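Undergrad: Contents of entry_9.txt (compact mmCIF, C-alpha atoms):
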# COMPACT_ATOMS: atom_id res chain seq x y z
CA MET Q 1 -17.04 53.25 -27.84
CA THR Q 2 -14.42 51.52 -30.06
CA LYS Q 3 -14.57 48.25 -32.01
CA MET Q 4 -11.68 45.99 -33.06
CA GLU Q 5 -12.58 43.85 -36.03
CA GLU Q 6 -10.55 40.88 -37.21
CA ASP Q 7 -10.46 39.01 -40.52
CA SER Q 8 -11.81 35.90 -38.84
CA SER Q 9 -15.43 35.34 -37.85
CA ASP Q 10 -14.74 36.21 -34.19
CA SER Q 11 -14.47 39.85 -33.20
CA ILE Q 12 -13.74 41.63 -29.93
CA THR Q 13 -15.50 44.79 -28.89
CA VAL Q 14 -13.58 47.23 -26.72
CA HIS Q 15 -16.32 48.44 -24.45
CA SER Q 16 -14.36 51.11 -22.55
CA PHE Q 17 -10.92 52.56 -21.83
CA CYS Q 18 -9.79 53.12 -18.20
CA LYS Q 19 -7.22 55.81 -17.57
CA SER Q 20 -4.46 55.52 -14.97
CA THR Q 21 -5.75 56.05 -11.40
CA PRO Q 22 -4.35 55.27 -7.94
CA THR Q 23 -6.30 51.99 -8.05
CA SER Q 24 -5.04 50.98 -11.51
CA PRO Q 25 -3.08 47.70 -11.82
CA CYS Q 26 0.69 47.80 -11.55
CA LEU Q 27 3.19 45.57 -13.39
CA VAL Q 28 5.95 44.62 -10.95
CA SER Q 29 9.52 43.48 -11.73
CA PHE Q 30 12.36 42.62 -9.37
CA GLU Q 31 15.86 44.08 -9.60
CA TYR Q 32 17.67 40.71 -9.36
CA GLY Q 33 15.55 37.88 -10.74
CA SER Q 34 11.90 37.15 -11.30
CA LEU Q 35 8.98 35.86 -9.24
CA GLY Q 36 8.17 32.14 -9.34
CA LYS Q 37 4.71 30.84 -10.18
CA ASP Q 38 3.99 29.49 -6.70
CA GLU Q 39 5.51 32.45 -4.83
CA ALA Q 40 2.89 35.09 -5.71
CA THR Q 41 0.34 33.80 -3.19
CA LYS Q 42 2.93 33.93 -0.38
CA LEU Q 43 3.64 37.65 -0.75
CA GLN Q 44 2.11 40.48 1.25
CA CYS Q 45 1.72 43.73 -0.66
CA ASN Q 46 1.01 47.24 0.64
CA LEU Q 47 0.67 50.55 -1.18
CA PHE Q 48 1.60 53.87 0.45
CA VAL Q 49 0.70 57.30 -0.95
CA SER Q 50 2.63 60.43 0.04
CA LYS Q 51 0.29 63.32 0.87
CA LYS Q 52 2.90 65.99 0.09
CA HIS Q 53 4.17 64.75 -3.28
CA ASN Q 54 1.27 62.43 -4.16
CA LYS Q 55 3.79 59.66 -4.97
CA GLN Q 56 3.00 55.99 -4.56
CA THR Q 57 5.40 53.50 -2.96
CA MET Q 58 4.87 49.75 -3.06
CA LEU Q 59 6.18 47.50 -0.28
CA VAL Q 60 6.28 43.72 -0.78
CA SER Q 61 7.31 41.30 1.97
CA LYS Q 62 7.87 37.58 2.37
CA LYS Q 63 8.84 36.45 5.87
CA ASN Q 64 12.06 38.43 6.62
CA GLN Q 65 12.61 39.62 3.05
CA TYR Q 66 11.44 43.11 2.11
CA TYR Q 67 11.28 44.86 -1.27
CA LYS Q 68 10.17 48.38 -2.08
CA GLY Q 69 9.85 50.58 -5.15
CA LYS Q 70 8.23 53.74 -6.44
CA ILE Q 71 5.35 53.37 -8.90
CA ASN Q 72 6.09 55.05 -12.21
CA SER Q 73 2.70 56.42 -13.29
CA LYS Q 74 3.89 59.44 -15.29
CA SER Q 75 5.89 57.73 -18.01
CA LEU Q 76 5.50 58.87 -21.63
CA CYS Q 77 4.58 55.38 -22.84
CA LYS Q 78 1.70 53.51 -21.26
CA THR Q 79 1.36 49.75 -20.89
CA LEU Q 80 -2.19 48.68 -21.74
CA LEU Q 81 -3.92 45.57 -20.43
CA LEU Q 82 -6.81 44.05 -22.40
CA VAL Q 83 -9.46 42.43 -20.16
CA ARG Q 84 -12.12 40.43 -22.07
CA ASN Q 85 -15.45 39.02 -20.91
CA ARG Q 86 -15.79 35.55 -22.40
CA LYS Q 87 -19.58 35.51 -22.32
CA THR Q 88 -20.26 38.88 -23.92
CA ASN Q 89 -16.92 39.05 -25.80
CA LYS Q 90 -16.61 42.64 -24.69
CA ALA Q 91 -13.26 44.01 -23.50
CA ARG Q 92 -11.79 46.91 -21.58
CA LEU Q 93 -8.40 48.60 -22.10
CA ILE Q 94 -6.78 49.49 -18.78
CA ALA Q 95 -3.68 51.68 -18.44
CA ALA Q 96 -1.19 50.00 -16.09
CA SER Q 97 1.77 51.56 -14.29
CA THR Q 98 5.16 49.90 -13.67
CA CYS Q 99 7.30 49.42 -10.58
CA MET Q 100 10.87 48.13 -10.04
CA LEU Q 101 11.25 46.51 -6.62
CA GLU Q 102 14.60 46.69 -4.85
CA SER Q 103 15.83 44.95 -1.73
CA TYR Q 104 15.02 46.87 1.46
CA LEU Q 105 17.52 44.92 3.58
CA ARG Q 106 20.46 47.36 3.32
CA GLU Q 107 18.41 50.35 4.44
CA ARG Q 108 16.93 48.37 7.34
CA ASN Q 109 20.44 47.32 8.44
CA GLN Q 110 21.63 50.93 8.35
CA GLN Q 111 18.66 51.96 10.48
CA LYS Q 112 19.42 49.17 12.95
CA LEU Q 113 23.04 50.26 13.17
CA SER Q 114 22.08 53.86 13.89
CA ILE Q 115 19.55 52.73 16.54
CA SER Q 116 22.16 50.43 18.14
CA ASP Q 117 24.65 53.33 18.28
CA ILE Q 118 22.07 55.49 20.07
CA ASP Q 119 21.28 52.68 22.52
CA THR Q 120 24.99 52.15 23.22
CA SER Q 121 25.64 55.82 23.92
CA THR Q 122 22.55 55.96 26.19
CA ASN Q 123 23.68 52.89 28.14
CA ASN Q 124 27.18 54.35 28.56
CA THR Q 125 25.72 57.59 29.96
CA LEU Q 126 23.51 55.70 32.41
CA SER Q 127 26.43 53.54 33.50
CA GLN Q 128 28.61 56.59 34.17
CA VAL Q 129 25.88 58.20 36.32
CA PHE Q 130 24.18 55.31 38.12
CA GLY Q 131 26.43 52.31 37.50
CA SER Q 132 28.74 50.48 39.86
CA LYS Q 133 32.54 50.68 39.68
CA LYS Q 134 32.66 47.59 37.47
CA ALA Q 135 29.98 48.97 35.12
CA LYS Q 136 31.85 52.30 34.89
CA ARG Q 137 35.11 50.49 34.11
CA ILE Q 138 33.47 48.43 31.37
CA SER Q 139 31.82 51.56 29.95
CA ASP Q 140 35.15 53.45 29.88
CA MET Q 141 36.87 50.54 28.16
CA GLY Q 142 34.11 50.33 25.55
CA MET Q 143 34.33 54.05 24.79
CA ARG Q 144 38.11 53.86 24.38
CA MET Q 145 37.92 50.88 22.04
CA LYS Q 146 35.18 52.45 19.91
CA VAL Q 147 36.45 53.33 16.44
CA ASN Q 148 35.18 56.36 14.59
CA THR Q 149 35.15 55.22 10.97
CA SER Q 150 34.94 58.72 9.48
CA VAL Q 151 38.02 59.90 11.42
CA LEU Q 152 39.84 56.69 10.47
CA GLN Q 153 39.11 57.22 6.77
CA GLU Q 154 40.43 60.79 6.94
CA ASP Q 155 43.64 59.57 8.61
CA VAL Q 156 44.16 56.91 5.95
CA LYS Q 157 43.63 59.44 3.14
CA LYS Q 158 46.14 61.80 4.75
CA ILE Q 159 48.74 59.03 5.08
CA ILE Q 160 48.26 57.97 1.44
CA SER Q 161 48.57 61.56 0.19
CA ASP Q 162 51.86 61.97 2.08
CA ILE Q 163 53.40 58.90 0.44
CA ASN Q 164 55.87 59.90 -2.24
CA ILE Q 165 57.01 57.02 -4.42
CA LYS Q 166 60.37 57.65 -6.02
CA GLY Q 167 61.57 55.98 -9.19
CA LYS Q 168 64.54 54.35 -7.51
CA ASP Q 169 62.25 52.68 -4.96
CA ILE Q 170 60.49 50.69 -7.71
CA PRO Q 171 62.36 47.43 -8.42
CA ASP Q 172 63.71 46.97 -11.92
CA VAL Q 173 61.92 43.95 -13.36
CA LYS Q 174 64.47 43.55 -16.16
CA SER Q 175 67.49 43.49 -13.85
CA SER Q 176 65.79 41.05 -11.46
CA SER Q 177 65.01 38.74 -14.41
CA GLU Q 178 68.66 38.82 -15.51
CA ASP Q 179 69.79 38.05 -11.96
CA THR Q 180 67.51 35.02 -11.91
CA ILE Q 181 69.01 33.73 -15.17
CA THR Q 182 72.64 34.29 -14.17
CA GLN Q 183 72.06 32.29 -10.98
CA LEU Q 184 71.80 29.21 -13.21
CA LEU Q 185 75.39 29.70 -14.41
CA PRO Q 186 78.86 29.68 -12.85
CA ASN Q 187 81.06 32.76 -13.20
CA CYS Q 188 80.57 33.87 -16.81
CA ASN Q 189 82.58 36.54 -18.61
CA ARG Q 190 80.07 37.82 -21.16
CA ASP Q 191 82.53 40.46 -22.40
CA ALA Q 192 85.22 37.90 -23.26
CA GLU Q 193 87.12 38.25 -26.52
CA HIS Q 194 87.94 34.52 -26.77
CA VAL Q 195 85.82 31.45 -25.98
CA SER Q 196 88.43 30.17 -23.51
CA GLU Q 197 87.77 33.24 -21.33
CA VAL Q 198 83.98 32.77 -21.03
CA TYR Q 199 83.96 29.80 -18.62
CA LYS Q 200 86.94 28.59 -16.62
CA VAL Q 201 87.48 25.19 -15.01
CA GLU Q 202 88.64 26.69 -11.70
CA ASP Q 203 85.22 28.38 -11.32
CA LEU Q 204 83.56 24.97 -11.55
CA LEU Q 205 85.89 22.57 -9.70
CA THR Q 206 88.69 22.98 -7.19
CA GLU Q 207 92.03 21.22 -7.50
CA THR Q 208 91.10 18.80 -4.69
CA GLU Q 209 87.88 17.82 -6.44
CA LEU Q 210 89.73 17.20 -9.71
CA ASN Q 211 92.41 15.12 -7.96
CA SER Q 212 89.71 12.90 -6.46
CA LEU Q 213 89.00 11.64 -9.99
CA ASP Q 214 92.57 10.40 -10.77
CA LYS Q 215 91.68 6.80 -9.96
CA ALA Q 216 88.52 6.95 -12.09
CA VAL Q 217 90.51 8.23 -15.11
CA ALA Q 218 93.06 5.41 -14.72
CA LEU Q 219 90.31 2.77 -14.65
CA LEU Q 220 88.69 4.26 -17.77
CA ASN Q 221 92.00 4.22 -19.65
CA GLU Q 222 92.49 0.54 -18.77
CA ASP Q 223 88.89 -0.28 -19.77
CA LYS Q 224 88.31 -1.80 -16.33
CA GLU Q 225 85.22 0.30 -15.59
CA LYS Q 226 81.92 0.17 -17.48
CA LYS Q 227 81.16 3.44 -19.27
CA SER Q 228 77.74 5.01 -19.59
CA GLU Q 229 76.34 5.91 -23.02
CA PHE Q 230 76.90 9.60 -22.31
CA LEU Q 231 80.52 9.10 -21.25
CA GLU Q 232 81.40 6.70 -24.05
CA THR Q 233 79.96 8.94 -26.78
CA HIS Q 234 81.88 12.01 -25.67
CA LEU Q 235 85.11 10.07 -25.09
CA ASN Q 236 84.90 8.84 -28.67
CA GLN Q 237 84.67 12.45 -29.83
CA LEU Q 238 87.96 13.22 -28.05
CA GLY Q 239 89.88 10.43 -29.80
CA SER Q 240 91.97 7.47 -28.64
CA ASN Q 241 94.10 9.22 -26.00
CA PRO Q 242 91.99 12.03 -24.53
CA PRO Q 243 93.63 14.45 -22.06
CA ALA Q 244 93.07 13.52 -18.41
CA ASP Q 245 91.70 16.94 -17.45
CA LYS Q 246 88.97 16.71 -20.14
CA VAL Q 247 88.06 13.17 -19.06
CA LYS Q 248 87.60 14.42 -15.50
CA LEU Q 249 85.20 17.11 -16.71
CA LEU Q 250 83.18 14.49 -18.59
CA ILE Q 251 83.01 12.29 -15.46
CA VAL Q 252 81.58 15.22 -13.49
CA ALA Q 253 79.09 15.94 -16.32
CA ASP Q 254 78.08 12.25 -16.33
CA SER Q 255 77.55 12.41 -12.54
CA LEU Q 256 75.34 15.49 -12.94
CA LEU Q 257 73.34 13.66 -15.62
CA ARG Q 258 72.76 10.77 -13.20
CA PHE Q 259 71.61 13.33 -10.63
CA VAL Q 260 69.17 14.99 -13.08
CA ASN Q 261 67.70 11.62 -14.12
CA MET Q 262 67.07 10.60 -10.51
CA GLY Q 263 63.59 10.82 -9.04
CA ALA Q 264 62.71 12.90 -6.00
CA ILE Q 265 62.46 9.77 -3.82
CA GLU Q 266 65.92 8.55 -4.90
CA ILE Q 267 67.51 11.87 -3.85
CA LYS Q 268 66.03 11.52 -0.37
CA ASN Q 269 67.54 8.05 -0.08
CA LYS Q 270 70.81 7.79 1.87
CA SER Q 271 72.44 5.67 -0.86
CA CYS Q 272 72.01 8.39 -3.52
CA LEU Q 273 75.58 9.64 -2.95
CA ARG Q 274 76.99 6.37 -4.28
CA ASN Q 275 74.62 6.38 -7.24
CA ILE Q 276 75.48 9.94 -8.29
CA CYS Q 277 79.24 9.46 -8.57
CA PRO Q 278 80.49 5.91 -7.77
CA SER Q 279 84.13 6.87 -8.42
CA SER Q 280 84.37 9.93 -6.12
CA ARG Q 281 82.55 10.64 -2.89
CA VAL Q 282 83.91 14.22 -3.03
CA ILE Q 283 82.13 14.94 -6.34
CA GLY Q 284 78.90 13.32 -5.15
CA THR Q 285 78.89 15.45 -1.99
CA LYS Q 286 79.60 18.60 -4.03
CA ILE Q 287 76.62 17.91 -6.32
CA LEU Q 288 74.25 17.34 -3.41
CA ASN Q 289 75.42 20.49 -1.62
CA GLU Q 290 75.18 22.77 -4.68
CA PHE Q 291 72.07 21.42 -6.45
CA THR Q 292 69.72 20.49 -3.60
CA VAL Q 293 68.10 22.25 -0.65
CA LEU Q 294 68.29 20.67 2.79
CA THR Q 295 64.99 21.07 4.67
CA GLY Q 296 65.35 19.54 8.11
CA ASN Q 297 66.68 16.05 7.41
CA THR Q 298 65.27 15.86 3.87
CA ARG Q 299 66.89 16.94 0.61
CA ASN Q 300 64.70 18.58 -2.03
CA ARG Q 301 65.51 19.56 -5.60
CA PRO Q 302 63.53 22.59 -6.84
CA VAL Q 303 63.05 23.10 -10.58
CA SER Q 304 65.51 26.02 -10.66
CA TYR Q 305 68.25 23.84 -9.12
CA LYS Q 306 67.56 21.14 -11.71
CA ASP Q 307 67.86 23.72 -14.51
CA LYS Q 308 71.14 24.85 -12.98
CA ALA Q 309 72.48 21.27 -13.10
CA VAL Q 310 71.53 21.00 -16.80
CA CYS Q 311 73.38 24.27 -17.54
CA TYR Q 312 76.47 22.92 -15.76
CA ILE Q 313 76.30 19.72 -17.85
CA MET Q 314 76.30 21.79 -21.04
CA ILE Q 315 79.23 23.93 -19.85
CA LEU Q 316 81.31 20.87 -18.82
CA VAL Q 317 80.69 19.28 -22.23
CA LEU Q 318 81.71 22.51 -23.97
CA LEU Q 319 84.94 22.76 -21.95
CA SER Q 320 85.87 19.13 -22.60
CA CYS Q 321 84.77 18.82 -26.27
CA TYR Q 322 86.39 21.98 -27.65
CA TYR Q 323 83.32 24.20 -27.18
CA LYS Q 324 80.92 21.99 -29.17
CA MET Q 325 78.04 19.80 -28.12
CA ASN Q 326 75.34 17.62 -29.69
CA LEU Q 327 72.06 18.78 -28.16
CA ASP Q 328 70.00 16.00 -29.78
CA PHE Q 329 72.14 13.34 -28.07
CA ILE Q 330 71.99 15.10 -24.69
CA SER Q 331 68.20 15.37 -25.03
CA SER Q 332 67.95 11.63 -25.76
CA VAL Q 333 69.79 10.58 -22.56
CA MET Q 334 68.21 13.19 -20.26
CA LYS Q 335 64.85 12.53 -18.58
CA GLY Q 336 62.14 15.14 -18.05
CA TYR Q 337 63.44 17.80 -20.48
CA HIS Q 338 61.86 18.45 -23.86
CA GLN Q 339 63.66 20.12 -26.73
CA LYS Q 340 62.04 23.53 -26.24
CA LYS Q 341 63.21 23.76 -22.62
CA LEU Q 342 66.76 22.69 -23.54
CA LEU Q 343 66.90 25.32 -26.30
CA GLN Q 344 65.96 27.96 -23.74
CA LEU Q 345 68.78 26.80 -21.46
CA CYS Q 346 71.15 26.82 -24.45
CA LYS Q 347 70.43 30.53 -24.88
CA THR Q 348 71.18 31.01 -21.19
CA VAL Q 349 74.55 29.26 -21.52
CA GLY Q 350 75.33 31.28 -24.68
CA VAL Q 351 75.64 28.61 -27.38
CA VAL Q 352 74.32 29.01 -30.91
CA ALA Q 353 73.34 26.47 -33.55
CA ALA Q 354 75.77 25.61 -36.36
CA THR Q 355 76.21 22.92 -39.03
CA GLU Q 356 79.38 20.83 -39.08
CA ALA Q 357 79.91 17.91 -41.48
CA GLY Q 358 76.20 17.85 -42.25
CA GLN Q 359 75.29 17.56 -38.55
CA LYS Q 360 73.67 20.17 -36.37
CA VAL Q 361 75.78 21.10 -33.36
CA TYR Q 362 75.76 23.90 -30.80
CA VAL Q 363 78.94 25.90 -30.38
CA LEU Q 364 80.16 28.61 -28.01
CA ARG Q 365 81.11 31.80 -29.85
CA VAL Q 366 82.01 35.33 -28.89
CA PRO Q 367 80.47 37.78 -28.50
CA LEU Q 368 77.84 35.94 -26.50
CA PRO Q 369 74.16 36.53 -27.37
CA LYS Q 370 71.94 38.54 -25.06
CA LEU Q 371 70.40 36.81 -22.08
CA PRO Q 372 66.86 35.51 -22.68
CA THR Q 373 63.87 36.53 -20.57
CA LEU Q 374 62.63 33.51 -18.69
CA ALA Q 375 58.91 33.31 -17.91
CA HIS Q 376 58.11 33.19 -14.20
CA LYS Q 377 56.47 29.97 -13.09
CA LYS Q 378 53.38 30.11 -10.92
CA LYS Q 379 54.35 27.10 -8.95
CA GLN Q 380 57.57 25.23 -8.43
CA GLY Q 381 57.66 21.69 -7.20
CA ASN Q 382 60.29 19.14 -6.36
CA TYR Q 383 61.17 16.54 -8.97
Using the file provided, produce a representation of the structure as structure tokens.

TA:
Amino acid sequence: MTKMEEDSSDSITVHSFCKSTPTSPCLVSFEYGSLGKDEATKLQCNLFVSKKHNKQTMLVSKKNQYYKGKINSKSLCKTLLLVRNRKTNKARLIAASTCMLESYLRERNQQKLSISDIDTSTNNTLSQVFGSKKAKRISDMGMRMKVNTSVLQEDVKKIISDINIKGKDIPDVKSSSEDTITQLLPNCNRDAEHVSEVYKVEDLLTETELNSLDKAVALLNEDKEKKSEFLETHLNQLGSNPPADKVKLLIVADSLLRFVNMGAIEIKNKSCLRNICPSSRVIGTKILNEFTVLTGNTRNRPVSYKDKAVCYIMILVLLSCYYKMNLDFISSVMKGYHQKKLLQLCKTVGVVAATEAGQKVYVLRVPLPKLPTLAHKKKQGNY
């Protein structure tokens, strides 16, 4: 007999202590989650005792859901429950066991599968002995189509073990990245000893394409044609009587700028050719063929093709303005390109920043800097 006394006026007397027995209470917990307040009355609980090992197994069910677990009655630490009688204020300490309930669905499914396999093999045997011709044919077809998973796994393991991956079979990520960057540029001599040997006009435009701009150059010299802000600014840099070949390069660069600033819907319009290069249909056709993708009857402009057009604008400006360009001005007249993106394309072209007469410019110098590593985009759209 044990007594528990408290500092307050009320006291509880522990009348007896009940050791753990097969009929002792059990504290149950579920592997994934907990039991709701209103769900306890809906459960059916059974307790099974093994005669050989004297182990207890609890089975709990609710409709088609089954849970089972072994009762842990031999743990070093005991959980005690205090049960008090309110009238007599006497209490009993009862040792309780614990049980973790796990889902019984997987084991039941495995048993069903094994039973179904036995039934199938039995039916096939009966069909072969007593069945009609049609039943025998169906049985033969079913046996041929049956897959033995264990044999299949062994075959797969054997095939994988025989695979020998050589180093040369693995693609070089670095070289593929460089190939992607160089696709944005025309023919570029990165080992050139002079800036005039890095990019050449004949790699950009043919003689026929340049001759198609003779009339446009004559109109610009006579001030009979309205100049864009881009064209006028760069012509002023060349002086009063700029060479005709450099003016032609600036006209092509101005046409590419119009193309870059166009929306996706404008490019799909049939009149876009006239808007790209009003002075030469040959140049407008060249830009559409080289910087768009024809899908059916619709022209699309992926992001990589738009970046390629911006690189060509920079190169044409460098060739016409003595290998110098004002990136801030180009950024101000170009839509959809922030400064960070243009700086990345500048590294691709090979220009470096310099200060000239207190103004920041980008110049082409040899040797060219190393190619940058462009980050791969998850998704490319048409703009």

Undergrad: Can you find the residues with an atom no farther than 9 Å from (81.9, 23.9, -8.3), counting all atoms listed in the file, and report them as a PyMOL selection string?

TA: chain Q and resi 186+201-206+209+286-287+290

Undergrad: Taking into account all atoms listed in the file, which residue in the set Q:Cys77, Q:Met314, Q:Ile163, Q:Leu319 is nearest to Leu342 in chain Q?

TA: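 Going through Q:Cys77, Q:Met314, Q:Ile163, Q:Leu319 one by one, the smallest distance to Leu342 in chain Q is for Q:Met314.
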
Undergrad: Between Q:Ser304, Q:Gln153, Q:Asn269, Q:Gln65, which one has atoms that come closest to Gln183 in chain Q, using only C-alpha atoms?

TA: Q:Ser304

Undergrad: One decimal, in Å: what's the spacing between CA of Ser103 in chain Q and CA of Lys68 in chain Q?

TA: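 If I compute the distance from CA of Ser103 in chain Q to CA of Lys68 in chain Q, I get 6.6 Å.
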
Undergrad: Can you pull out the residues contacting Val282 in chain Q? Cut-off 10 Å, using all atoms listed in the file, and skip same-chain residues under 5 positions away; I want them as a PDB file with C-alpha atoms, in the coordinates of the input.

TA:
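Written out: result.pdb:
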ATOM      1  CA  THR Q 208      91.100  18.800  -4.690  1.00  0.00           C
ATOM      2  CA  GLU Q 209      87.880  17.820  -6.440  1.00  0.00           C
ATOM      3  CA  LEU Q 210      89.730  17.200  -9.710  1.00  0.00           C
ATOM      4  CA  ASN Q 211      92.410  15.120  -7.960  1.00  0.00           C
ATOM      5  CA  SER Q 212      89.710  12.900  -6.460  1.00  0.00           C
ATOM      6  CA  LEU Q 213      89.000  11.640  -9.990  1.00  0.00           C
ATOM      7  CA  LEU Q 273      75.580   9.640  -2.950  1.00  0.00           C
ATOM      8  CA  CYS Q 277      79.240   9.460  -8.570  1.00  0.00           C
ATOM      9  CA  ILE Q 287      76.620  17.910  -6.320  1.00  0.00           C
TER      10      ILE Q 287
END

Undergrad: Between Q:Arg86, Q:Lys227, Q:Lys74, Q:Lys42, which is the closest to Ser20 in chain Q once you count all atoms listed in the file?

TA: Q:Lys74

Undergrad: Fewer than 4 positions away in the same chain doesn't count, so skip those; otherwise give me all residues within 9 Å of Lys324 in chain Q, counting all atoms listed in the file, as a PyMOL selection string.

TA: chain Q and resi 317-320+351+361-364

Undergrad: Please output range 324-335 of chain Q, rebuilt to include N, CA and C atoms, as a PDB file, in the frame of the given file.

TA:
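Output contents, as saved in out-v9.pdb:
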ATOM      1  N   LYS Q 324      81.984  22.511 -28.314  1.00  0.00           N
ATOM      2  CA  LYS Q 324      80.920  21.990 -29.170  1.00  0.00           C
ATOM      3  C   LYS Q 324      80.118  20.966 -28.398  1.00  0.00           C
ATOM      4  N   MET Q 325      78.852  20.847 -28.750  1.00  0.00           N
ATOM      5  CA  MET Q 325      78.040  19.800 -28.120  1.00  0.00           C
ATOM      6  C   MET Q 325      76.884  19.419 -29.047  1.00  0.00           C
ATOM      7  N   ASN Q 326      76.454  18.167 -28.908  1.00  0.00           N
ATOM      8  CA  ASN Q 326      75.340  17.620 -29.690  1.00  0.00           C
ATOM      9  C   ASN Q 326      74.095  17.642 -28.806  1.00  0.00           C
ATOM     10  N   LEU Q 327      73.231  18.608 -29.019  1.00  0.00           N
ATOM     11  CA  LEU Q 327      72.060  18.780 -28.160  1.00  0.00           C
ATOM     12  C   LEU Q 327      71.064  17.639 -28.328  1.00  0.00           C
ATOM     13  N   ASP Q 328      70.946  17.100 -29.550  1.00  0.00           N
ATOM     14  CA  ASP Q 328      70.000  16.000 -29.780  1.00  0.00           C
ATOM     15  C   ASP Q 328      70.387  14.774 -28.958  1.00  0.00           C
ATOM     16  N   PHE Q 329      71.696  14.491 -28.850  1.00  0.00           N
ATOM     17  CA  PHE Q 329      72.140  13.340 -28.070  1.00  0.00           C
ATOM     18  C   PHE Q 329      71.891  13.584 -26.571  1.00  0.00           C
ATOM     19  N   ILE Q 330      72.212  14.783 -26.105  1.00  0.00           N
ATOM     20  CA  ILE Q 330      71.990  15.100 -24.690  1.00  0.00           C
ATOM     21  C   ILE Q 330      70.506  15.013 -24.346  1.00  0.00           C
ATOM     22  N   SER Q 331      69.644  15.450 -25.264  1.00  0.00           N
ATOM     23  CA  SER Q 331      68.200  15.370 -25.030  1.00  0.00           C
ATOM     24  C   SER Q 331      67.726  13.923 -24.964  1.00  0.00           C
ATOM     25  N   SER Q 332      68.373  13.029 -25.729  1.00  0.00           N
ATOM     26  CA  SER Q 332      67.950  11.630 -25.760  1.00  0.00           C
ATOM     27  C   SER Q 332      68.307  10.879 -24.473  1.00  0.00           C
ATOM     28  N   VAL Q 333      69.361  11.289 -23.770  1.00  0.00           N
ATOM     29  CA  VAL Q 333      69.790  10.580 -22.560  1.00  0.00           C
ATOM     30  C   VAL Q 333      69.319  11.289 -21.282  1.00  0.00           C
ATOM     31  N   MET Q 334      68.644  12.409 -21.425  1.00  0.00           N
ATOM     32  CA  MET Q 334      68.210  13.190 -20.260  1.00  0.00           C
ATOM     33  C   MET Q 334      66.704  13.042 -20.086  1.00  0.00           C
ATOM     34  N   LYS Q 335      66.270  12.735 -18.876  1.00  0.00           N
ATOM     35  CA  LYS Q 335      64.850  12.530 -18.580  1.00  0.00           C
ATOM     36  C   LYS Q 335      64.191  13.837 -18.135  1.00  0.00           C
TER      37      LYS Q 335
END
